[in-house]
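Pasted below: my_file_33.cif, mmCIF, C-alpha atoms and all ligand atoms.
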```cif
data_run
#
loop_
_atom_site.label_atom_id
_atom_site.label_comp_id
_atom_site.auth_asym_id
_atom_site.auth_seq_id
_atom_site.Cartn_x
_atom_site.Cartn_y
_atom_site.Cartn_z
CA MET A 1 71.87 70.18 104.45
CA ASP A 2 71.27 69.11 107.99
CA LEU A 3 72.36 71.95 110.17
CA LYS A 4 71.60 70.17 113.37
CA THR A 5 73.74 67.07 113.14
CA ARG A 6 76.05 67.27 116.08
CA VAL A 7 78.75 65.05 117.39
CA VAL A 8 79.36 65.18 121.08
CA TYR A 9 82.47 63.89 122.72
CA ASN A 10 84.83 64.90 125.39
CA GLY A 11 82.19 67.19 126.77
CA GLN A 12 82.28 69.36 123.66
CA SER A 13 79.82 69.41 120.87
CA PHE A 14 80.77 70.02 117.28
CA THR A 15 78.30 70.80 114.56
CA LYS A 16 78.86 68.08 112.04
CA LEU A 17 77.72 69.52 108.76
CA GLY A 18 76.24 72.84 109.73
CA VAL A 19 79.67 74.15 110.64
CA SER A 20 80.77 74.49 107.13
CA ALA A 21 77.40 75.58 105.92
CA ARG A 22 77.99 78.63 108.04
CA ASN A 23 81.49 78.92 106.70
CA ARG A 24 80.22 78.77 103.15
CA VAL A 25 77.65 81.46 103.82
CA GLN A 26 80.43 83.63 105.10
CA PHE A 27 82.54 82.95 102.01
CA GLU A 28 79.68 83.55 99.67
CA GLY A 29 78.94 86.76 101.49
CA LEU A 30 82.47 87.81 100.69
CA ILE A 31 82.17 86.79 97.08
CA GLN A 32 78.93 88.78 96.74
CA HIS A 33 80.58 91.73 98.32
CA ARG A 34 83.45 91.57 95.88
CA ARG A 35 81.23 91.21 92.86
CA SER A 36 79.12 94.16 93.83
CA SER A 37 82.01 96.45 94.66
CA HIS A 38 83.27 98.64 91.86
CA SER A 39 86.73 99.20 93.13
CA THR A 40 89.17 96.32 93.25
CA LYS A 41 90.74 98.12 96.21
CA THR A 42 87.77 97.18 98.39
CA SER A 43 88.29 93.48 97.80
CA ALA A 44 92.05 93.77 98.13
CA ALA A 45 91.50 95.06 101.65
CA HIS A 46 90.32 91.61 102.71
CA LYS A 47 92.94 89.31 104.07
CA THR A 48 93.21 85.72 103.02
CA ILE A 49 95.38 83.58 105.24
CA PHE A 50 96.57 80.28 103.85
CA SER A 51 99.08 77.77 105.08
CA GLY A 52 99.96 74.14 104.59
CA ILE A 53 101.69 71.39 106.49
CA GLN A 54 102.98 68.03 105.33
CA PRO A 55 101.23 64.88 106.56
CA THR A 56 104.00 63.71 108.86
CA GLY A 57 101.65 62.14 111.42
CA VAL A 58 101.37 63.75 114.84
CA PRO A 59 103.47 66.92 114.70
CA HIS A 60 106.32 67.69 117.11
CA LEU A 61 106.93 70.69 119.31
CA GLY A 62 108.90 72.47 116.58
CA ASN A 63 105.96 72.22 114.17
CA TYR A 64 103.70 73.51 116.90
CA LEU A 65 105.71 76.53 117.96
CA GLY A 66 106.95 77.26 114.45
CA ALA A 67 103.60 77.06 112.71
CA LEU A 68 100.47 75.55 114.23
CA ARG A 69 100.28 77.75 117.29
CA GLU A 70 100.59 80.80 115.04
CA TRP A 71 97.79 79.55 112.80
CA VAL A 72 95.46 79.22 115.77
CA GLN A 73 96.39 82.68 117.06
CA LEU A 74 95.79 84.22 113.64
CA GLN A 75 92.48 82.43 113.38
CA ASN A 76 91.34 83.57 116.79
CA GLY A 77 92.39 87.16 116.19
CA ALA A 78 91.10 87.39 112.61
CA THR A 79 88.61 90.08 111.69
CA GLU A 80 85.25 89.11 110.29
CA GLY A 81 86.12 89.47 106.59
CA THR A 82 89.34 87.48 106.78
CA LYS A 83 89.34 84.17 104.95
CA LEU A 84 91.26 81.35 106.58
CA LEU A 85 92.35 78.17 104.84
CA PHE A 86 94.67 75.47 106.16
CA SER A 87 95.69 72.41 104.23
CA VAL A 88 97.33 69.06 104.88
CA VAL A 89 99.52 69.02 101.78
CA ASP A 90 99.47 65.33 100.94
CA LEU A 91 100.60 65.82 97.33
CA HIS A 92 103.82 67.38 98.55
CA ALA A 93 104.47 64.21 100.55
CA LEU A 94 104.76 62.30 97.27
CA THR A 95 108.05 64.02 96.44
CA VAL A 96 109.62 61.17 98.39
CA PRO A 97 108.36 57.58 97.97
CA GLN A 98 105.40 56.73 100.23
CA ASP A 99 103.76 53.62 101.57
CA ALA A 100 99.98 53.97 101.03
CA PRO A 101 98.64 52.72 104.41
CA TRP A 102 101.33 54.71 106.20
CA LEU A 103 100.51 57.90 104.32
CA ARG A 104 96.78 57.43 104.88
CA ASN A 105 97.38 57.16 108.59
CA CYS A 106 99.78 60.10 108.73
CA LYS A 107 97.29 62.32 106.91
CA LYS A 108 94.58 61.52 109.39
CA GLU A 109 96.84 62.08 112.39
CA MET A 110 97.90 65.47 111.09
CA PHE A 111 94.34 66.44 110.29
CA ALA A 112 93.12 65.46 113.77
CA THR A 113 95.96 67.44 115.31
CA LEU A 114 94.98 70.58 113.42
CA LEU A 115 91.60 70.42 115.13
CA ALA A 116 93.10 69.40 118.47
CA VAL A 117 95.38 72.45 118.63
CA GLY A 118 92.39 74.73 118.11
CA LEU A 119 91.71 75.26 114.42
CA ASP A 120 87.96 75.66 114.28
CA PRO A 121 86.13 74.28 111.24
CA ALA A 122 83.40 76.86 111.79
CA ARG A 123 85.94 79.57 111.07
CA SER A 124 88.70 77.99 108.97
CA ALA A 125 88.50 75.76 105.91
CA ILE A 126 90.63 72.75 106.84
CA PHE A 127 91.23 70.34 103.98
CA TYR A 128 93.46 67.84 102.23
CA GLN A 129 95.33 69.33 99.28
CA SER A 130 94.54 66.35 97.04
CA ASP A 131 90.80 66.99 97.47
CA VAL A 132 91.09 70.31 95.65
CA SER A 133 92.35 69.62 92.15
CA ALA A 134 92.72 73.30 91.28
CA HIS A 135 96.01 73.19 93.24
CA THR A 136 97.56 70.83 90.71
CA GLU A 137 95.92 72.54 87.77
CA LEU A 138 97.43 75.87 88.74
CA PHE A 139 100.71 74.11 89.42
CA TRP A 140 100.96 73.22 85.73
CA ILE A 141 100.10 76.73 84.64
CA LEU A 142 102.65 78.26 87.00
CA SER A 143 105.28 75.82 85.80
CA THR A 144 105.10 77.59 82.45
CA VAL A 145 106.35 80.82 84.07
CA ALA A 146 108.48 79.45 86.94
CA SER A 147 112.21 79.95 86.52
CA MET A 148 114.43 76.85 86.26
CA GLY A 149 117.43 78.89 87.30
CA TYR A 150 115.68 80.04 90.45
CA LEU A 151 114.53 76.48 91.26
CA SER A 152 117.99 75.07 90.74
CA ARG A 153 119.45 77.53 93.26
CA MET A 154 116.92 76.56 95.95
CA THR A 155 118.09 74.40 98.81
CA GLN A 156 115.39 71.87 99.65
CA TRP A 157 115.88 69.42 96.78
CA LYS A 158 119.59 69.34 97.56
CA SER A 159 119.13 68.68 101.25
CA LYS A 160 116.51 65.99 100.57
CA LEU A 161 119.00 64.24 98.26
CA GLN A 162 121.87 64.91 100.64
CA LEU A 163 123.78 66.88 98.05
CA PRO A 164 126.02 69.83 98.89
CA GLU A 165 124.36 73.27 98.85
CA ASN A 166 126.35 74.44 95.84
CA THR A 167 125.13 71.55 93.64
CA ASN A 168 123.67 72.57 90.31
CA LEU A 169 121.94 70.71 87.51
CA GLU A 170 125.24 70.03 85.75
CA ASP A 171 126.14 67.71 88.58
CA SER A 172 125.83 64.08 87.50
CA ALA A 173 124.81 62.81 90.96
CA ALA A 174 122.03 65.40 90.99
CA ARG A 175 120.83 64.39 87.55
CA ALA A 176 120.76 60.72 88.50
CA LYS A 177 118.76 61.20 91.70
CA LEU A 178 116.59 64.24 91.10
CA ARG A 179 112.95 63.74 90.13
CA LEU A 180 110.86 66.42 88.54
CA GLY A 181 108.34 66.42 91.41
CA LEU A 182 110.98 67.14 94.03
CA PHE A 183 112.55 69.82 91.87
CA SER A 184 109.20 71.50 91.21
CA TYR A 185 107.99 71.20 94.83
CA PRO A 186 108.15 75.00 95.24
CA VAL A 187 105.91 75.49 92.18
CA LEU A 188 103.19 73.35 93.75
CA GLN A 189 103.62 75.32 96.95
CA ALA A 190 103.24 78.57 95.02
CA ALA A 191 100.08 77.13 93.45
CA ASP A 192 98.69 76.25 96.92
CA ILE A 193 99.08 79.84 97.98
CA LEU A 194 98.12 81.62 94.78
CA VAL A 195 95.10 79.49 93.94
CA HIS A 196 93.51 80.92 97.08
CA ARG A 197 94.77 84.45 96.36
CA ALA A 198 96.37 84.32 99.81
CA THR A 199 97.66 87.61 101.13
CA HIS A 200 99.32 86.20 104.25
CA VAL A 201 101.08 82.90 104.76
CA PRO A 202 102.11 81.94 108.30
CA VAL A 203 105.13 79.63 108.15
CA GLY A 204 108.28 78.68 109.97
CA GLU A 205 111.59 80.34 109.24
CA ASP A 206 112.65 77.45 106.98
CA GLN A 207 109.92 78.38 104.47
CA ARG A 208 111.19 81.89 103.78
CA GLN A 209 112.84 80.82 100.54
CA HIS A 210 109.69 79.08 99.32
CA LEU A 211 107.61 82.18 100.02
CA GLU A 212 110.06 84.35 98.11
CA PHE A 213 109.77 81.96 95.19
CA SER A 214 105.96 82.14 95.36
CA ARG A 215 106.08 85.92 95.20
CA ASN A 216 108.51 85.79 92.32
CA THR A 217 106.31 83.36 90.40
CA ALA A 218 103.17 85.41 91.10
CA ASN A 219 105.00 88.46 89.83
CA SER A 220 106.08 86.73 86.63
CA PHE A 221 102.54 85.57 85.98
CA ASN A 222 101.01 88.97 86.72
CA HIS A 223 103.56 90.65 84.50
CA LEU A 224 102.73 88.41 81.55
CA TYR A 225 98.98 87.97 81.94
CA GLY A 226 97.64 90.78 84.13
CA SER A 227 97.38 91.34 87.86
CA ILE A 228 95.52 88.33 89.13
CA PHE A 229 97.53 87.24 92.14
CA PRO A 230 98.14 89.35 95.23
CA LEU A 231 101.78 89.01 96.29
CA PRO A 232 101.66 86.79 99.37
CA GLU A 233 103.40 88.00 102.48
CA ALA A 234 105.20 85.52 104.73
CA LEU A 235 104.32 85.71 108.41
CA ILE A 236 107.34 84.10 110.01
CA SER A 237 106.82 82.64 113.46
CA PRO A 238 109.00 84.14 116.20
CA ALA A 239 109.80 80.55 117.26
CA LYS A 240 112.54 80.10 114.73
CA ARG A 241 114.52 77.27 116.18
CA VAL A 242 113.34 74.38 118.26
CA MET A 243 116.29 72.03 118.32
CA SER A 244 116.68 68.30 118.82
CA PHE A 245 117.07 67.22 122.46
CA LYS A 246 119.74 64.74 121.45
CA GLU A 247 121.70 66.76 118.89
CA PRO A 248 120.89 70.36 119.72
CA THR A 249 122.76 71.70 116.69
CA LEU A 250 120.08 70.09 114.48
CA LYS A 251 116.46 71.14 114.24
CA MET A 252 113.86 68.99 115.96
CA SER A 253 112.66 66.56 113.33
CA LYS A 254 110.53 63.49 112.78
CA SER A 255 113.32 61.84 110.84
CA HIS A 256 115.84 61.74 113.70
CA PRO A 257 116.31 58.05 114.63
CA ASP A 258 116.04 58.71 118.39
CA GLU A 259 112.45 59.35 119.44
CA ARG A 260 113.73 61.02 122.61
CA SER A 261 115.07 63.84 120.43
CA ARG A 262 111.57 65.27 119.99
CA ILE A 263 108.29 65.83 121.80
CA LEU A 264 105.12 64.94 119.93
CA LEU A 265 101.87 66.76 120.65
CA SER A 266 100.37 63.42 121.70
CA ASP A 267 103.11 62.66 124.27
CA THR A 268 102.03 61.98 127.85
CA PRO A 269 103.34 64.17 130.70
CA GLU A 270 105.61 61.24 131.67
CA ASP A 271 107.06 61.09 128.14
CA ILE A 272 107.67 64.82 128.23
CA HIS A 273 109.43 64.77 131.61
CA ARG A 274 111.55 61.79 130.56
CA LYS A 275 112.63 63.43 127.29
CA ILE A 276 113.45 66.81 128.83
CA LYS A 277 115.34 65.16 131.67
CA GLY A 278 117.44 63.30 129.12
CA ALA A 279 117.99 66.36 126.91
CA LEU A 280 121.64 66.82 126.05
CA THR A 281 123.10 69.91 127.73
CA ASP A 282 126.57 70.86 128.95
CA SER A 283 128.24 70.92 132.33
CA GLU A 284 129.02 74.64 132.56
CA PRO A 285 127.93 75.93 135.97
CA GLN A 286 126.30 79.22 134.98
CA LEU A 287 123.01 79.34 133.05
CA LYS A 288 123.47 81.33 129.86
CA TYR A 289 121.63 81.87 126.59
CA ASP A 290 124.30 81.20 123.98
CA PRO A 291 122.91 79.15 121.07
CA ASP A 292 126.26 78.90 119.26
CA ASN A 293 128.36 77.61 122.13
CA ARG A 294 125.73 76.12 124.42
CA PRO A 295 122.97 74.89 122.07
CA GLY A 296 121.39 72.34 124.42
CA VAL A 297 120.67 74.61 127.36
CA SER A 298 119.82 77.53 125.06
CA ASN A 299 117.18 75.37 123.40
CA LEU A 300 115.48 74.75 126.76
CA ILE A 301 115.64 78.43 127.62
CA GLU A 302 114.15 79.35 124.28
CA ILE A 303 111.31 76.82 124.54
CA LEU A 304 110.42 78.13 127.98
CA ALA A 305 110.53 81.70 126.70
CA HIS A 306 108.03 80.82 123.96
CA PHE A 307 105.65 79.15 126.35
CA GLU A 308 105.83 81.94 128.90
CA GLY A 309 105.82 84.82 126.43
CA LYS A 310 109.11 86.11 127.83
CA SER A 311 112.50 86.91 126.38
CA CYS A 312 115.38 84.46 126.78
CA GLU A 313 117.14 87.02 128.97
CA GLU A 314 114.18 87.15 131.33
CA VAL A 315 114.16 83.37 131.61
CA VAL A 316 117.89 83.32 132.31
CA SER A 317 117.67 85.90 135.06
CA GLU A 318 114.73 84.09 136.63
CA PHE A 319 116.61 80.78 136.78
CA GLN A 320 120.05 82.19 137.49
CA HIS A 321 120.21 80.65 140.94
CA SER A 322 118.48 77.38 140.08
CA SER A 323 120.06 74.10 139.08
CA LEU A 324 119.85 72.77 135.56
CA GLY A 325 117.64 70.01 136.94
CA ALA A 326 115.19 72.60 138.27
CA LEU A 327 115.11 74.38 134.92
CA LYS A 328 114.47 71.09 133.15
CA GLY A 329 111.66 70.22 135.54
CA HIS A 330 110.06 73.59 134.99
CA VAL A 331 110.33 73.36 131.18
CA ALA A 332 108.83 69.87 131.20
CA SER A 333 105.88 70.87 133.41
CA ARG A 334 105.21 73.92 131.33
CA ILE A 335 105.10 71.90 128.10
CA ALA A 336 103.11 69.07 129.67
CA ASN A 337 100.46 71.45 131.03
CA HIS A 338 100.13 73.21 127.73
CA LEU A 339 99.87 70.00 125.72
CA GLN A 340 97.49 68.18 128.06
CA PRO A 341 94.19 69.51 126.61
CA ILE A 342 95.57 69.21 123.07
CA ARG A 343 96.45 65.58 123.72
CA GLU A 344 92.99 64.86 125.15
CA ARG A 345 91.23 66.43 122.19
CA TYR A 346 93.54 64.59 119.82
CA ILE A 347 92.71 61.20 121.34
CA ALA A 348 88.97 61.92 121.25
CA LEU A 349 89.19 62.92 117.59
CA ILE A 350 91.38 60.07 116.41
CA GLU A 351 89.23 57.50 118.21
CA ASN A 352 85.95 59.02 117.06
CA LYS A 353 84.04 56.55 114.91
CA THR A 354 81.25 58.80 113.66
CA GLY A 355 83.10 60.04 110.60
CA TYR A 356 83.54 63.49 112.12
CA LEU A 357 87.04 64.05 110.72
CA GLU A 358 85.92 63.00 107.24
CA ASP A 359 82.95 65.34 107.46
CA VAL A 360 85.13 68.28 108.46
CA ALA A 361 87.54 67.48 105.62
CA ASN A 362 84.71 67.25 103.10
CA GLN A 363 83.21 70.52 104.16
CA GLY A 364 86.62 72.19 104.23
CA SER A 365 87.40 71.01 100.73
CA GLN A 366 84.08 72.34 99.45
CA VAL A 367 84.90 75.79 100.74
CA ALA A 368 88.44 75.58 99.38
CA ARG A 369 87.22 74.31 96.02
CA SER A 370 84.80 77.14 95.55
CA ASN A 371 87.43 79.70 96.54
CA ALA A 372 90.00 78.15 94.19
CA GLU A 373 87.55 77.86 91.32
CA ARG A 374 87.08 81.61 91.30
CA THR A 375 90.79 82.07 90.78
CA MET A 376 90.98 79.41 88.09
CA LYS A 377 88.21 81.12 86.17
CA GLN A 378 90.15 84.36 86.08
CA VAL A 379 93.41 82.59 85.31
CA LYS A 380 91.93 80.64 82.40
CA GLU A 381 90.30 83.73 81.02
CA ALA A 382 93.59 85.62 81.20
CA LEU A 383 95.39 82.78 79.42
CA GLY A 384 92.81 82.29 76.67
CA LEU A 385 91.91 78.78 77.82
N1 LIG B 401 106.63 73.37 102.26
C1 LIG B 401 105.88 73.50 103.48
C2 LIG B 401 106.63 72.77 104.59
O1 LIG B 401 107.35 71.82 104.32
C3 LIG B 401 104.50 72.95 103.37
C4 LIG B 401 103.66 73.71 102.38
C5 LIG B 401 103.20 73.24 101.19
C6 LIG B 401 103.17 75.03 102.54
N2 LIG B 401 102.45 74.20 100.59
C7 LIG B 401 102.40 75.28 101.37
C8 LIG B 401 103.31 76.00 103.52
C9 LIG B 401 101.79 76.52 101.18
C10 LIG B 401 102.69 77.24 103.33
C11 LIG B 401 101.93 77.50 102.16
O2 LIG B 401 106.46 73.08 105.74
#
```
Kindly transcribe the structure held in the file into structure tokens.
Amino acid sequence: MDLKTRVVYNGQSFTKLGVSARNRVQFEGLIQHRRSSHSTKTSAAHKTIFSGIQPTGVPHLGNYLGALREWVQLQNGATEGTKLLFSVVDLHALTVPQDAPWLRNCKKEMFATLLAVGLDPARSAIFYQSDVSAHTELFWILSTVASMGYLSRMTQWKSKLQLPENTNLEDSAARAKLRLGLFSYPVLQAADILVHRATHVPVGEDQRQHLEFSRNTANSFNHLYGSIFPLPEALISPAKRVMSFKEPTLKMSKSHPDERSRILLSDTPEDIHRKIKGALTDSEPQLKYDPDNRPGVSNLIEILAHFEGKSCEEVVSEFQHSSLGALKGHVASRIANHLQPIRERYIALIENKTGYLEDVANQGSQVARSNAERTMKQVKEALGL
């Protein structure tokens, strides 16, 4: 392997293949260490951090504050022995119909953004889910222990099909629309996590239910076949709610028809100022953090609090004597300044023609594959396969 191939752009140089060679050495070091240690406690002390994100193209501010920023912080603060794996979960995207060229493009945009926000391929394995077939293999195995009752009570398949929350499988509309893949989405997610023996899973608040399901499924498997999977712990981001700028009672989302309802990580400073300026608020005179009654202005306060590392109360008292316009201007500048270097790196990566992104993905999937294979070996042995 050529350790010296480097790609240089935007003033930064990235090791092209050597990056992951180093990563692999680190992983293999860990594997060696585990093999040679007599107590399973020693290996259990190592953390494995895994998370996944759907290939929705360039992510929005809610994705960033709710997940990606946390991933980068965990990566940068991780101790030497911690394994880090982050995946663009393209198989999960198939639970709703996809257009192939569109999906291909969205995958690439998401992948480039993961690097642009600061995930470092020298430290983290960054890969496409569909490149590591152990995810789907374990999915099948877990589906033999996953509870139908539990799955039917979960909320995502209902919201995706726009069915009421109390819908169950007896419902004829549900039976007509529901596909097995959408229903079993949480089983594939459990497989993503468990195949890497993840101990910690940084996610947004909306994934709490899926993490609980993963723990439940791991538990069922361990109970039947022996303790193979650590029970993964959810690390929920403190940024729980970044709301739409146009309908602040709804979460910021890529599916909202109005593009001014969200900020994308690739937005220009002008875009950001325009969108914040047009954010729906109310006409009450006094600034107040009150998400239930004043969702629009509370959203801006909360976003600013996240960027400045302050509490909402602190932000409110700081801006008490300012106009709403001044607050908006400050929020917009703060976001624009923070996103500027991310946007620049993103453009350099997406326009790069040297195959750098593909190389990073290949190397990431090699690391992920070897980590997952170790689990599958144990799983198959436990099952008698
Ligand atoms: N369901 C997650 C979401 O929509 C994405 C996801 C898939 C995931 N597999 C995962 C997140 C494993 C964490 C761990 O955001």
Open item on the list: Given only C-alpha atoms and all ligand atoms as the basis, pick out the residue of A:Gln98, A:Ser147, A:Ser253, A:Asn219 nearest to ligand LIG 401 (chain B).
Closed with: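 Closest candidate: A:Ser253.
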Open item on the list: Env of Lys380 of chain A: 12 Å cut, atoms = all atoms listed in the file, seq-sep filter 2 positions within chain, self excluded. Answer as a list in words.
Closed with: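 The residues that qualify are Ala134, Glu137, Leu138, Ile141, Leu142, Tyr225, Gly226, Ile228, Glu373, Arg374, Thr375, Met376, Lys377, Gln378, Ala382, Leu383, Gly384 and Leu385 of chain A.
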Since we have the selection now, will you write its residues out, keeping C-alpha atoms, as an mmCIF file, in the frame of the given file?
```cif
data_model
loop_
_atom_site.group_PDB
_atom_site.id
_atom_site.type_symbol
_atom_site.label_atom_id
_atom_site.label_comp_id
_atom_site.auth_asym_id
_atom_site.auth_seq_id
_atom_site.Cartn_x
_atom_site.Cartn_y
_atom_site.Cartn_z
ATOM 1 C CA ALA A 134 92.720 73.300 91.280
ATOM 2 C CA GLU A 137 95.920 72.540 87.770
ATOM 3 C CA LEU A 138 97.430 75.870 88.740
ATOM 4 C CA ILE A 141 100.100 76.730 84.640
ATOM 5 C CA LEU A 142 102.650 78.260 87.000
ATOM 6 C CA TYR A 225 98.980 87.970 81.940
ATOM 7 C CA GLY A 226 97.640 90.780 84.130
ATOM 8 C CA ILE A 228 95.520 88.330 89.130
ATOM 9 C CA GLU A 373 87.550 77.860 91.320
ATOM 10 C CA ARG A 374 87.080 81.610 91.300
ATOM 11 C CA THR A 375 90.790 82.070 90.780
ATOM 12 C CA MET A 376 90.980 79.410 88.090
ATOM 13 C CA LYS A 377 88.210 81.120 86.170
ATOM 14 C CA GLN A 378 90.150 84.360 86.080
ATOM 15 C CA ALA A 382 93.590 85.620 81.200
ATOM 16 C CA LEU A 383 95.390 82.780 79.420
ATOM 17 C CA GLY A 384 92.810 82.290 76.670
ATOM 18 C CA LEU A 385 91.910 78.780 77.820
#
```
Task: Best match for closeness to Ser152 of chain A among A:Ile49, A:Leu182, A:Ile236, A:Val132, counting only C-alpha atoms - done: A:Leu182
Open item on the list: Any residue with an atom at most 6 Å from ligand LIG 401 (chain B) counts, using only C-alpha atoms and all ligand atoms. Which are they? Put them as a list in words.
Closed with: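 After applying the 6 Å limit, what remains is Ser51, Gly52, Ile53, Gln54, Val89, Gln189, Asp192, Ile193 and Val203 of chain A.
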TODO: Provide the atom CA of Ile126 of chain A to atom CA of Gly364 of chain A distance in Å, to one decimal place.
DONE: 4.8 Å
Open item on the list: Nearest residue to Arg334 of chain A out of A:Asp359, A:Tyr346, A:Ile272, A:Glu170, using all atoms listed in the file?
Closed with: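 Of all the options, A:Ile272 lies closest to Arg334 of chain A.
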- [ ] Kindly give the distance, in Å, that separates atom CA of Val117 of chain A and atom CA of Gln73 of chain A, rounded to a single decimal.
- [x]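 Straight-line distance from atom CA of Val117 of chain A to atom CA of Gln73 of chain A works out to 10.4 Å.
Proximity to Leu324 of chain A was assessed for A:Ala100, A:Ile276, A:Leu115, A:Met252 counting only C-alpha atoms; the smallest distance is recorded for A:Ile276.
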Task: Atom pair atom CA of Ser266 of chain A / atom CA of Val58 of chain A: separation (Å) - done: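 Rounded to one decimal, the two atoms are 6.9 Å apart.
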- [ ] Could you tell me which of A:Phe229, A:Phe245, A:Arg262, A:Thr113 comes closest to Arg345 of chain A if we count all atoms listed in the file?
- [x]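 Distance minimum relative to Arg345 of chain A lands on A:Thr113.
Within 9 Å of Lys158 of chain A, once only C-alpha atoms are used and residues closer than 5 positions along the same chain are dropped, the contacting residues are A:Leu163, A:Pro164, A:Glu165, A:Asn166, A:Thr167, A:Asn168, A:Ala174, A:Leu178.
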Mind dumping the selected residues with C-alpha atoms as a short mmCIF file (atom, residue, chain, number, x, y, z; two decimals), in the coordinates of the input?
```
data_model
loop_
_atom_site.label_atom_id
_atom_site.label_comp_id
_atom_site.auth_asym_id
_atom_site.auth_seq_id
_atom_site.Cartn_x
_atom_site.Cartn_y
_atom_site.Cartn_z
CA LEU A 163 123.78 66.88 98.05
CA PRO A 164 126.02 69.83 98.89
CA GLU A 165 124.36 73.27 98.85
CA ASN A 166 126.35 74.44 95.84
CA THR A 167 125.13 71.55 93.64
CA ASN A 168 123.67 72.57 90.31
CA ALA A 174 122.03 65.40 90.99
CA LEU A 178 116.59 64.24 91.10
#
```
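Candidate residues A:Leu94, A:Met154, A:Leu188, A:Lys310 were compared for distance to Ser133 of chain A, and the nearest is A:Leu188, using only C-alpha atoms.
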Task: Selection: 8 Å around Asp90 of chain A, all atoms listed in the file, excl. self and same-chain fewer than 3 positions, as a ChimeraX atom specification - done: /A:54-55,93-94,107,128-130
Task: Selection: 12 Å around Ser323 of chain A, all atoms listed in the file, excl. self and same-chain fewer than 2 positions, as a ChimeraX atom specification - done: /A:283-287,297,316,318-321,325-330
Dump as a tab-separated table (two decimals), keeping the file's coordinate frame, selection limited to C-alpha atoms:
```tsv
chain	number	residue	atom	x	y	z
A	283	SER	CA	128.24	70.92	132.33
A	284	GLU	CA	129.02	74.64	132.56
A	285	PRO	CA	127.93	75.93	135.97
A	286	GLN	CA	126.30	79.22	134.98
A	287	LEU	CA	123.01	79.34	133.05
A	297	VAL	CA	120.67	74.61	127.36
A	316	VAL	CA	117.89	83.32	132.31
A	318	GLU	CA	114.73	84.09	136.63
A	319	PHE	CA	116.61	80.78	136.78
A	320	GLN	CA	120.05	82.19	137.49
A	321	HIS	CA	120.21	80.65	140.94
A	325	GLY	CA	117.64	70.01	136.94
A	326	ALA	CA	115.19	72.60	138.27
A	327	LEU	CA	115.11	74.38	134.92
A	328	LYS	CA	114.47	71.09	133.15
A	329	GLY	CA	111.66	70.22	135.54
A	330	HIS	CA	110.06	73.59	134.99
```
TODO: Identify, on the basis of all atoms listed in the file, every residue whose closest approach to Pro248 of chain A does not exceed 8 Å; exclude the query and any residue fewer than 3 positions from it along the same chain; express the result as a PyMOL selection string.
DONE: chain A and resi 243-245+251+280+295-296+299
